[in-house]
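*Asks:* Next comes run.csv, CSV, C-alpha atoms:
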chain,number,residue,atom,x,y,z
A,604,MET,CA,-34.9,148.1,16.7
A,605,LEU,CA,-36.4,145.8,19.4
A,606,PRO,CA,-39.7,144.2,18.7
A,607,GLU,CA,-42.7,145.4,20.7
A,608,GLY,CA,-42.7,142.4,22.9
A,609,GLY,CA,-38.9,142.7,23.6
A,610,LEU,CA,-39.3,146.2,24.8
A,611,THR,CA,-42.0,145.2,27.2
A,612,LEU,CA,-39.8,142.4,28.6
A,613,LEU,CA,-36.9,144.9,28.9
A,614,LEU,CA,-39.0,147.3,30.9
A,615,LEU,CA,-40.4,144.5,33.0
A,616,ALA,CA,-36.8,143.4,33.8
A,617,ILE,CA,-35.8,146.9,34.7
A,618,PHE,CA,-38.8,147.2,37.0
A,619,LEU,CA,-38.0,143.9,38.7
A,620,ILE,CA,-34.4,145.0,39.2
A,621,ILE,CA,-35.6,148.3,40.8
A,622,CYS,CA,-38.1,146.4,43.0
A,623,ILE,CA,-35.4,144.0,44.2
A,624,ALA,CA,-33.0,146.9,44.9
A,625,LYS,CA,-35.7,148.7,46.8
A,626,GLY,CA,-37.1,145.6,48.5
A,627,VAL,CA,-33.9,144.0,49.7
A,628,LYS,CA,-31.9,145.9,52.4
A,629,ILE,CA,-28.6,144.8,53.7
A,630,VAL,CA,-28.0,146.4,57.1
A,631,PRO,CA,-24.5,146.6,58.5
A,632,GLN,CA,-23.7,145.0,61.9
A,633,SER,CA,-23.2,148.4,63.5
A,634,GLU,CA,-26.5,150.0,62.4
A,635,LYS,CA,-30.2,149.7,62.5
A,636,TYR,CA,-32.7,151.0,59.9
A,637,VAL,CA,-36.0,152.7,60.8
A,638,VAL,CA,-38.6,152.0,58.1
A,639,GLU,CA,-41.7,154.1,57.5
A,640,ARG,CA,-44.8,153.5,55.4
A,641,PHE,CA,-46.8,156.6,54.4
A,642,GLY,CA,-45.0,158.6,57.1
A,643,ARG,CA,-45.6,156.1,59.9
A,644,LEU,CA,-43.2,153.7,61.7
A,645,ARG,CA,-43.4,150.4,59.9
A,646,SER,CA,-40.4,148.4,61.4
A,647,VAL,CA,-36.8,148.5,62.5
A,648,LEU,CA,-34.4,146.4,60.4
A,649,GLY,CA,-31.6,144.7,62.3
A,650,PRO,CA,-28.2,143.7,60.9
A,651,GLY,CA,-28.2,141.3,57.9
A,652,ILE,CA,-30.6,140.8,54.9
A,653,ASN,CA,-34.1,142.4,55.3
A,654,PHE,CA,-37.0,142.6,52.9
A,655,ILE,CA,-39.5,145.5,52.7
A,656,VAL,CA,-42.3,146.4,50.3
A,657,PRO,CA,-40.9,148.4,47.4
A,658,PHE,CA,-42.3,151.9,46.9
A,659,LEU,CA,-44.4,151.6,50.0
A,660,ASP,CA,-41.8,151.1,52.7
A,661,VAL,CA,-39.0,153.7,52.9
A,662,VAL,CA,-35.8,153.5,55.0
A,663,ARG,CA,-36.1,156.9,56.7
A,664,HIS,CA,-33.3,156.7,59.3
A,665,LYS,CA,-30.1,154.9,59.6
A,666,ILE,CA,-29.0,154.8,63.2
A,667,SER,CA,-25.6,153.7,64.5
A,668,ILE,CA,-25.8,151.4,67.5
A,669,LEU,CA,-22.1,151.8,68.3
A,670,GLU,CA,-21.1,153.3,71.7
A,671,ARG,CA,-20.8,157.1,71.6
A,672,GLN,CA,-19.0,159.6,73.8
A,673,LEU,CA,-20.4,163.0,74.4
A,674,PRO,CA,-17.9,165.9,74.4
A,675,ASN,CA,-16.5,166.6,77.8
A,676,ALA,CA,-18.6,169.2,79.5
A,677,THR,CA,-17.9,171.5,82.4
A,678,GLN,CA,-20.6,172.9,84.6
A,679,ASP,CA,-20.6,175.0,87.8
A,680,ALA,CA,-22.2,173.5,90.9
A,681,ILE,CA,-22.5,174.7,94.6
A,682,THR,CA,-21.9,172.2,97.4
A,683,ALA,CA,-24.0,171.9,100.5
A,684,ASP,CA,-21.4,174.0,102.4
A,685,ASN,CA,-21.7,176.8,99.7
A,686,VAL,CA,-18.5,176.2,97.8
A,687,LEU,CA,-18.5,176.9,94.1
A,688,VAL,CA,-16.9,174.1,92.1
A,689,GLN,CA,-16.4,173.4,88.4
A,690,VAL,CA,-17.2,169.7,87.5
A,691,GLU,CA,-15.9,168.2,84.3
A,692,THR,CA,-18.0,165.2,83.2
A,693,SER,CA,-17.8,162.6,80.4
A,694,VAL,CA,-20.7,160.3,79.3
A,695,PHE,CA,-20.8,157.2,77.1
A,696,TYR,CA,-24.0,155.8,75.7
A,697,ARG,CA,-25.4,153.7,72.9
A,698,ILE,CA,-28.8,153.5,71.2
A,699,LEU,CA,-30.8,150.3,71.9
A,700,GLU,CA,-34.2,151.2,70.5
A,701,PRO,CA,-33.8,153.5,67.5
A,702,GLU,CA,-37.6,154.0,67.0
A,703,LYS,CA,-37.7,155.7,70.5
A,704,THR,CA,-34.6,157.8,69.8
A,705,VAL,CA,-35.9,159.0,66.4
A,706,TYR,CA,-39.5,159.8,67.4
A,707,ARG,CA,-39.2,161.0,71.0
A,708,ILE,CA,-36.1,163.3,71.0
A,709,ARG,CA,-34.7,165.7,68.4
A,710,ASP,CA,-31.1,166.2,69.5
A,711,VAL,CA,-30.1,163.3,71.7
A,712,ASP,CA,-26.6,164.5,72.4
A,713,ALA,CA,-27.8,167.9,73.6
A,714,ALA,CA,-30.6,166.3,75.6
A,715,ILE,CA,-28.2,163.9,77.4
A,716,ALA,CA,-25.7,166.7,78.1
A,717,THR,CA,-28.4,168.9,79.6
A,718,THR,CA,-29.8,166.0,81.7
A,719,VAL,CA,-26.3,165.1,83.0
A,720,ALA,CA,-25.6,168.8,83.9
A,721,GLY,CA,-28.8,169.0,86.0
A,722,ILE,CA,-28.2,165.7,87.8
A,723,VAL,CA,-24.6,166.6,88.6
A,724,ARG,CA,-25.6,170.0,90.0
A,725,SER,CA,-28.3,168.3,92.1
A,726,GLY,CA,-26.0,165.6,93.4
A,727,ILE,CA,-23.2,167.9,94.3
A,728,GLY,CA,-25.6,170.3,96.0
A,729,GLU,CA,-26.5,167.5,98.5
A,730,MET,CA,-22.9,166.9,99.5
A,731,GLU,CA,-20.2,168.9,101.2
A,732,LEU,CA,-16.9,169.6,99.5
A,733,ASP,CA,-15.0,167.0,101.5
A,734,GLU,CA,-17.6,164.4,100.6
A,735,VAL,CA,-17.4,165.3,96.9
A,736,GLN,CA,-13.6,164.7,97.0
A,737,SER,CA,-13.7,161.5,99.1
A,738,ASN,CA,-16.9,159.9,97.8
A,739,ARG,CA,-16.4,160.4,94.0
A,740,GLN,CA,-17.2,156.8,93.1
A,741,GLN,CA,-20.4,156.9,95.0
A,742,LEU,CA,-21.4,160.2,93.3
A,743,ILE,CA,-20.5,158.8,89.9
A,744,ALA,CA,-22.7,155.7,90.5
A,745,SER,CA,-25.6,157.9,91.6
A,746,ILE,CA,-25.3,160.2,88.6
A,747,LYS,CA,-25.1,157.2,86.2
A,748,GLN,CA,-28.3,155.6,87.7
A,749,GLN,CA,-30.2,158.9,87.6
A,750,VAL,CA,-29.2,159.5,84.0
A,751,GLU,CA,-30.2,156.0,83.0
A,752,ASP,CA,-33.6,156.5,84.5
A,753,ALA,CA,-34.0,159.9,82.8
A,754,VAL,CA,-33.1,158.6,79.3
A,755,ASP,CA,-34.9,155.3,79.5
A,756,ASN,CA,-37.8,156.6,77.4
A,757,TRP,CA,-35.4,157.6,74.6
A,758,GLY,CA,-34.2,154.0,74.0
A,759,ILE,CA,-30.7,154.8,75.2
A,760,GLU,CA,-28.3,152.9,77.5
A,761,VAL,CA,-25.8,155.0,79.4
A,762,THR,CA,-22.7,152.7,79.6
A,763,ARG,CA,-20.4,155.1,81.5
A,764,ALA,CA,-20.7,158.4,83.4
A,765,GLU,CA,-17.4,159.8,84.7
A,766,ILE,CA,-16.5,162.9,86.8
A,767,LEU,CA,-13.1,163.7,85.3
A,768,ASP,CA,-12.2,166.6,87.6
A,769,VAL,CA,-13.5,168.9,90.3
A,770,ASN,CA,-11.9,172.3,90.2
A,771,LEU,CA,-12.1,175.1,92.8
A,772,ASP,CA,-11.6,178.8,92.4
A,773,GLN,CA,-8.4,180.4,93.6
A,774,ALA,CA,-9.9,181.9,96.8
A,775,THR,CA,-11.2,178.5,97.9
A,776,ARG,CA,-7.9,176.9,97.1
A,777,ASP,CA,-6.0,179.4,99.2
A,778,ALA,CA,-8.5,178.9,102.1
A,779,MET,CA,-8.1,175.1,101.9
A,780,LEU,CA,-4.3,175.5,101.8
A,781,GLN,CA,-4.4,177.6,105.0
A,782,GLN,CA,-6.6,175.1,106.6
A,783,LEU,CA,-4.3,172.3,105.6
A,784,ASN,CA,-1.2,174.1,107.0
A,785,ALA,CA,-3.1,174.8,110.2
A,786,GLU,CA,-4.0,171.1,110.5
A,787,ARG,CA,-0.4,170.1,109.9
A,788,ALA,CA,0.8,172.5,112.6
A,789,ARG,CA,-1.8,171.2,115.0
A,790,ARG,CA,-0.8,167.6,114.4
A,791,ALA,CA,2.9,168.5,114.9
A,792,GLN,CA,2.0,170.1,118.2
A,793,VAL,CA,0.0,167.2,119.3
A,794,THR,CA,2.8,164.8,118.3
A,795,GLU,CA,5.3,166.9,120.2
A,796,ALA,CA,3.1,167.1,123.3
A,797,GLU,CA,2.5,163.3,123.2
A,798,GLY,CA,6.2,162.7,122.9
A,799,HIS,CA,6.9,165.0,125.9
A,800,LYS,CA,4.2,163.2,127.8
A,801,ARG,CA,5.7,159.8,127.0
A,802,ALA,CA,9.1,161.0,128.0
A,803,VAL,CA,7.8,162.2,131.4
A,804,GLU,CA,6.0,158.9,131.8
A,805,LEU,CA,9.1,156.9,131.0
A,806,GLN,CA,11.2,159.1,133.4
A,807,ALA,CA,8.6,158.6,136.2
A,808,ASP,CA,8.7,154.8,135.5
A,809,ALA,CA,12.5,154.9,135.7
A,810,GLU,CA,12.5,156.8,139.0
A,811,LEU,CA,9.8,154.4,140.4
A,812,TYR,CA,11.8,151.4,139.3
A,813,ALA,CA,15.0,152.9,140.9
A,814,ALA,CA,13.1,153.6,144.1
A,815,GLU,CA,11.7,150.0,144.1
A,816,GLN,CA,15.2,148.6,143.5
A,817,SER,CA,16.7,150.8,146.3
A,818,ALA,CA,13.9,149.8,148.6
A,819,LYS,CA,14.6,146.1,147.8
A,820,ALA,CA,18.3,146.7,148.4
A,821,ARG,CA,17.6,148.4,151.8
A,822,ARG,CA,15.3,145.6,152.7
A,823,ILE,CA,17.9,143.0,151.9
A,824,GLU,CA,20.5,144.9,153.8
A,825,ALA,CA,18.1,145.2,156.7
A,826,ASP,CA,17.4,141.5,156.6
A,827,ALA,CA,21.1,140.8,156.6
A,828,GLU,CA,21.7,143.2,159.5
A,829,ALA,CA,18.8,141.6,161.3
A,830,TYR,CA,20.3,138.2,160.7
A,831,ALA,CA,23.7,139.3,161.9
A,832,THR,CA,22.2,140.9,165.0
A,833,GLY,CA,20.3,137.7,165.6
A,834,VAL,CA,23.5,135.6,165.3
A,835,VAL,CA,25.2,138.0,167.8
A,836,ALA,CA,22.3,137.9,170.1
A,837,ALA,CA,22.3,134.1,169.9
A,838,ALA,CA,26.0,134.1,170.7
A,839,ILE,CA,25.5,136.3,173.6
A,840,ARG,CA,22.8,134.1,174.9
A,841,GLU,CA,25.1,131.1,174.6
A,842,ASN,CA,28.4,132.6,175.7
A,843,GLY,CA,27.5,135.5,177.8
A,844,LEU,CA,28.9,139.0,177.8
A,845,GLU,CA,32.4,137.9,176.6
A,846,ALA,CA,31.0,137.2,173.1
A,847,ALA,CA,29.7,140.8,172.9
A,848,GLN,CA,33.0,142.2,174.1
A,849,TYR,CA,34.8,140.1,171.6
A,850,GLN,CA,32.7,141.5,168.7
A,851,VAL,CA,33.2,145.1,169.9
A,852,ALA,CA,37.0,144.6,170.2
A,853,LEU,CA,37.1,142.9,166.7
A,854,LYS,CA,35.3,145.9,165.1
A,855,GLN,CA,37.7,148.3,166.8
A,856,VAL,CA,40.7,146.3,165.3
A,857,GLU,CA,39.1,146.3,161.8
A,858,ALA,CA,38.5,150.1,162.0
A,859,LEU,CA,42.2,150.7,163.0
A,860,VAL,CA,43.4,148.5,160.1
A,861,ALA,CA,41.3,150.4,157.6
A,862,LEU,CA,42.5,153.7,159.0
A,863,GLY,CA,46.1,152.6,158.5
A,864,GLN,CA,45.6,151.5,154.9
A,865,GLY,CA,44.3,154.8,153.7
A,866,GLU,CA,46.1,156.3,150.7
A,867,GLY,CA,48.2,159.4,151.1
A,868,LYS,CA,48.3,159.0,154.9
A,869,GLN,CA,51.8,159.8,156.2
A,870,THR,CA,50.7,160.1,159.9
A,871,VAL,CA,48.2,157.9,161.6
A,872,VAL,CA,46.5,159.2,164.7
A,873,VAL,CA,45.8,156.3,167.0
A,874,PRO,CA,43.4,156.7,170.0
A,875,ALA,CA,44.9,156.3,173.4
A,876,ASN,CA,42.9,153.1,174.1
A,877,ALA,CA,43.7,151.5,170.7
A,878,ILE,CA,46.4,149.3,172.3
A,879,ASP,CA,44.0,148.2,174.9
A,880,ALA,CA,41.6,147.2,172.1
A,881,PHE,CA,44.2,145.0,170.6
A,882,ALA,CA,45.1,143.6,174.0
A,883,ASP,CA,41.4,142.9,174.8
A,884,ALA,CA,40.9,141.2,171.4
A,885,PHE,CA,44.1,139.1,171.9
A,886,THR,CA,43.1,138.2,175.4
A,887,MET,CA,39.7,137.1,174.3
A,888,LEU,CA,41.0,135.1,171.4
A,889,LYS,CA,43.5,133.5,173.7
A,890,GLY,CA,40.8,132.7,176.1
A,891,LYS,CA,38.7,131.1,173.3
A,892,GLY,CA,41.6,129.1,172.2
Do you think you could lay out the structure here as structure tokens?
*Replies:*
Amino acid sequence: MLPEGGLTLLLLAIFLIICIAKGVKIVPQSEKYVVERFGRLRSVLGPGINFIVPFLDVVRHKISILERQLPNATQDAITADNVLVQVETSVFYRILEPEKTVYRIRDVDAAIATTVAGIVRSGIGEMELDEVQSNRQQLIASIKQQVEDAVDNWGIEVTRAEILDVNLDQATRDAMLQQLNAERARRAQVTEAEGHKRAVELQADAELYAAEQSAKARRIEADAEAYATGVVAAAIRENGLEAAQYQVALKQVEALVALGQGEGKQTVVVPANAIDAFADAFTMLKGKG
């Protein structure tokens, strides 16, 4: 049996142990505790050792501050060009101010999911289908900013908001496939037409180049002929008519020689005055000698 004084000390020790247990709170790094006193918010305990008033202060909520991911959600939306799409979204968030989350919203996950669905429908409704496909990053940034503004009063930070996929119904897919095939056919026709046009242009350039070269050749030939004619004319002016007769007789002799050298010619027809041409040329050469 304990003496009367010993029982009192034992009860006092037990009371002190209970007070210490209730007054000292060790909060994990990944959590925050919301403390109430008589049903009202008293304080928010951060990670580490914290002290509260035993029996008066009560830890009412233990809130994880780790980043959370909402379940992937799919919602229907209509684009500005009246195309029905199914958008799959994913949202990551974490709680920064537990006192706001606890006392201002009942189901934070459902509230964020509903907010994201409305913002996604609104954002896609302002864009055409091609813009939704090509400007997805811009749409994601806009959705994230709007969600952050909407949940700011709940003490929440939206860390990521992603559009995982944009699905179309089968009829829209078939129509887009037909449009894509038509666009490919048009591009092929344009490419073929441009190739034909280029070929015509190259052919015209080649013909123009050939004509230019032919004209240059004729001009050079004409210049040579003019030069030869000038030489002959100068010879005539210097030597009189005999120089001209000499050139004519020489041409006649060259023509007869070429006629005799032809292939497959067994019989050579010689004009009656051919011998005279040789005689004239010989006489003139003799005279010049």
*Asks:* Could you give me, as CSV, every stretch 757-788 of chain A residue with an atom at most 10 Å from stretch 701-722 of chain A, plus its closest atom pair and distance in Å to one decimal, counting only C-alpha atoms, rows ordered by chain then number?
*Replies:*
residue,atom,partner,partner_atom,distance
A:Trp757,CA,A:Thr704,CA,4.9
A:Gly758,CA,A:Lys703,CA,5.2
A:Ile759,CA,A:Thr704,CA,7.3
A:Val761,CA,A:Ile715,CA,9.4
A:Ala764,CA,A:Val719,CA,8.7
*Asks:* Next, dump the selected residues to file, keeping only C-alpha atoms, as an mmCIF file, keeping the file's coordinate frame.
*Replies:*
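Produced file result-v3.cif, reproduced below:
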data_model
loop_
_atom_site.group_PDB
_atom_site.id
_atom_site.type_symbol
_atom_site.label_atom_id
_atom_site.label_comp_id
_atom_site.auth_asym_id
_atom_site.auth_seq_id
_atom_site.Cartn_x
_atom_site.Cartn_y
_atom_site.Cartn_z
ATOM 1 C CA TRP A 757 -35.400 157.600 74.600
ATOM 2 C CA GLY A 758 -34.200 154.000 74.000
ATOM 3 C CA ILE A 759 -30.700 154.800 75.200
ATOM 4 C CA VAL A 761 -25.800 155.000 79.400
ATOM 5 C CA ALA A 764 -20.700 158.400 83.400
#
*Asks:* Of the candidates A:Ser737, A:Thr762, A:Ser745, A:Ser693, which shows the shortest atom-to-atom distance to A:Leu669, using all atoms listed in the file?
*Replies:*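 Result for the nearest residue to A:Leu669: A:Thr762.
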*Asks:* Between atom CA of A:Gln736 and atom CA of A:Asp752, what is the distance, to one decimal in Å?
*Replies:* 25.0 Å
*Asks:* Record the distance separating atom CA of A:Glu634 and atom CA of A:Asn675, expressed in Å with one decimal.
*Replies:*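 Distance reported for this atom pair: 24.8 Å.
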*Asks:* Using only C-alpha atoms, what does the table of stretch 751-839 of chain A residues within 12 Å of stretch 677-688 of chain A look like, with each row giving the shortest atom pair and its distance in Å to one decimal, sorted by chain and ascending number, as a tab-separated table?
*Replies:*
residue	atom	partner	partner_atom	distance
A:Glu765	CA	A:Thr677	CA	11.9
A:Ile766	CA	A:Thr677	CA	9.8
A:Leu767	CA	A:Thr677	CA	9.6
A:Asp768	CA	A:Thr677	CA	9.1
A:Val769	CA	A:Val688	CA	6.5
A:Asn770	CA	A:Val688	CA	5.6
A:Leu771	CA	A:Val688	CA	5.0
A:Asp772	CA	A:Val688	CA	7.1
A:Gln773	CA	A:Val688	CA	10.7
A:Ala774	CA	A:Leu687	CA	10.3
A:Thr775	CA	A:Val686	CA	7.7
A:Arg776	CA	A:Val686	CA	10.6
A:Ala778	CA	A:Val686	CA	11.2
A:Met779	CA	A:Val686	CA	11.2
*Asks:* So, counting all atoms listed in the file, which residue among A:Ile698, A:Leu742, A:Ala809, A:Val627 is closest to A:Ser725?
*Replies:*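 Checking each of A:Ile698, A:Leu742, A:Ala809, A:Val627 against A:Ser725, counting all atoms listed in the file, the winner is A:Leu742.
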*Asks:* Separation of atom CA of A:Gln740 and atom CA of A:Leu783, in Å?
*Replies:*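 These two atoms are separated by 23.7 Å.
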*Asks:* From the options A:Val735, A:Leu644, A:Ala744, A:Leu615, which residue's atoms come nearest to A:Leu659, counting only C-alpha atoms?
*Replies:* A:Leu644
*Asks:* Go through A:Leu613, A:Asp733, A:Asn738, A:Ala676 and flag the residue nearest A:Glu691, using only C-alpha atoms for the distances.
*Replies:*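 Smallest separation from A:Glu691 among the options: A:Ala676.
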*Asks:* Calculated over all atoms listed in the file, which of the candidates A:Leu673, A:Val630, A:Ala827, A:Val723 has the smallest distance to A:Gln689?
*Replies:*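 Between A:Leu673, A:Val630, A:Ala827, A:Val723, the residue approaching A:Gln689 most closely is A:Val723.
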*Asks:* Please complete stretch 687-698 of chain A so it has all heavy atoms, and hand it over as a CSV table (one decimal), in the coordinates of the input.
*Replies:*
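Written output follows (result_36.csv):
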chain,number,residue,atom,x,y,z
A,687,LEU,N,-18.3,176.9,95.5
A,687,LEU,CA,-18.5,176.9,94.1
A,687,LEU,C,-17.4,176.0,93.5
A,687,LEU,O,-16.2,176.2,93.6
A,687,LEU,CB,-18.4,178.3,93.5
A,687,LEU,CG,-18.6,178.3,91.9
A,687,LEU,CD1,-19.9,177.8,91.5
A,687,LEU,CD2,-18.3,179.8,91.5
A,688,VAL,N,-17.8,175.0,92.7
A,688,VAL,CA,-16.9,174.1,92.1
A,688,VAL,C,-17.2,174.0,90.6
A,688,VAL,O,-18.4,174.2,90.2
A,688,VAL,CB,-16.9,172.7,92.7
A,688,VAL,CG1,-16.5,172.7,94.2
A,688,VAL,CG2,-18.3,172.0,92.6
A,689,GLN,N,-16.2,173.6,89.8
A,689,GLN,CA,-16.4,173.4,88.4
A,689,GLN,C,-16.2,171.9,88.1
A,689,GLN,O,-15.1,171.4,88.4
A,689,GLN,CB,-15.5,174.2,87.5
A,689,GLN,CG,-15.8,175.7,87.5
A,689,GLN,CD,-14.9,176.4,86.6
A,689,GLN,OE1,-13.8,176.0,86.2
A,689,GLN,NE2,-15.3,177.6,86.1
A,690,VAL,N,-17.2,171.2,87.6
A,690,VAL,CA,-17.2,169.7,87.5
A,690,VAL,C,-17.1,169.4,86.0
A,690,VAL,O,-17.9,169.9,85.2
A,690,VAL,CB,-18.4,169.1,88.1
A,690,VAL,CG1,-18.3,167.6,88.0
A,690,VAL,CG2,-18.6,169.5,89.5
A,691,GLU,N,-16.1,168.6,85.6
A,691,GLU,CA,-15.9,168.2,84.3
A,691,GLU,C,-16.4,166.7,84.2
A,691,GLU,O,-15.9,165.9,84.9
A,691,GLU,CB,-14.4,168.3,83.8
A,691,GLU,CG,-14.2,167.9,82.4
A,691,GLU,CD,-12.7,168.0,82.0
A,691,GLU,OE1,-11.9,168.4,82.8
A,691,GLU,OE2,-12.4,167.8,80.8
A,692,THR,N,-17.3,166.5,83.3
A,692,THR,CA,-18.0,165.2,83.2
A,692,THR,C,-17.8,164.6,81.7
A,692,THR,O,-17.5,165.3,80.8
A,692,THR,CB,-19.5,165.3,83.5
A,692,THR,OG1,-20.1,166.2,82.6
A,692,THR,CG2,-19.7,165.7,84.9
A,693,SER,N,-17.9,163.3,81.7
A,693,SER,CA,-17.8,162.6,80.4
A,693,SER,C,-18.9,161.5,80.4
A,693,SER,O,-19.0,160.8,81.4
A,693,SER,CB,-16.4,162.0,80.1
A,693,SER,OG,-16.4,161.3,78.9
A,694,VAL,N,-19.6,161.3,79.3
A,694,VAL,CA,-20.7,160.3,79.3
A,694,VAL,C,-20.6,159.5,78.0
A,694,VAL,O,-20.3,160.0,76.9
A,694,VAL,CB,-22.1,161.0,79.3
A,694,VAL,CG1,-23.2,160.0,79.2
A,694,VAL,CG2,-22.3,161.8,80.6
A,695,PHE,N,-20.7,158.2,78.2
A,695,PHE,CA,-20.8,157.2,77.1
A,695,PHE,C,-22.1,156.6,77.0
A,695,PHE,O,-22.7,156.2,78.1
A,695,PHE,CB,-19.7,156.2,77.2
A,695,PHE,CG,-18.3,156.7,77.2
A,695,PHE,CD1,-17.7,157.3,78.4
A,695,PHE,CD2,-17.5,156.6,76.1
A,695,PHE,CE1,-16.4,157.7,78.3
A,695,PHE,CE2,-16.2,157.0,76.0
A,695,PHE,CZ,-15.7,157.6,77.2
A,696,TYR,N,-22.7,156.4,75.8
A,696,TYR,CA,-24.0,155.8,75.7
A,696,TYR,C,-24.1,155.1,74.3
A,696,TYR,O,-23.3,155.3,73.4
A,696,TYR,CB,-25.1,156.9,75.8
A,696,TYR,CG,-25.3,157.8,74.6
A,696,TYR,CD1,-26.2,157.5,73.6
A,696,TYR,CD2,-24.5,158.9,74.5
A,696,TYR,CE1,-26.3,158.3,72.5
A,696,TYR,CE2,-24.6,159.7,73.4
A,696,TYR,CZ,-25.5,159.4,72.4
A,696,TYR,OH,-25.6,160.2,71.3
A,697,ARG,N,-25.1,154.3,74.2
A,697,ARG,CA,-25.4,153.7,72.9
A,697,ARG,C,-26.9,153.6,72.7
A,697,ARG,O,-27.7,153.5,73.8
A,697,ARG,CB,-24.7,152.4,72.7
A,697,ARG,CG,-25.1,151.3,73.7
A,697,ARG,CD,-24.2,150.1,73.6
A,697,ARG,NE,-24.6,149.0,74.5
A,697,ARG,CZ,-25.2,147.9,74.1
A,697,ARG,NH1,-25.6,147.8,72.8
A,697,ARG,NH2,-25.5,147.0,74.9
A,698,ILE,N,-27.4,153.6,71.5
A,698,ILE,CA,-28.8,153.5,71.2
A,698,ILE,C,-29.2,152.1,71.1
A,698,ILE,O,-28.7,151.3,70.3
A,698,ILE,CB,-29.1,154.3,69.9
A,698,ILE,CG1,-28.8,155.7,70.1
A,698,ILE,CG2,-30.6,154.1,69.5
A,698,ILE,CD1,-28.9,156.6,68.8
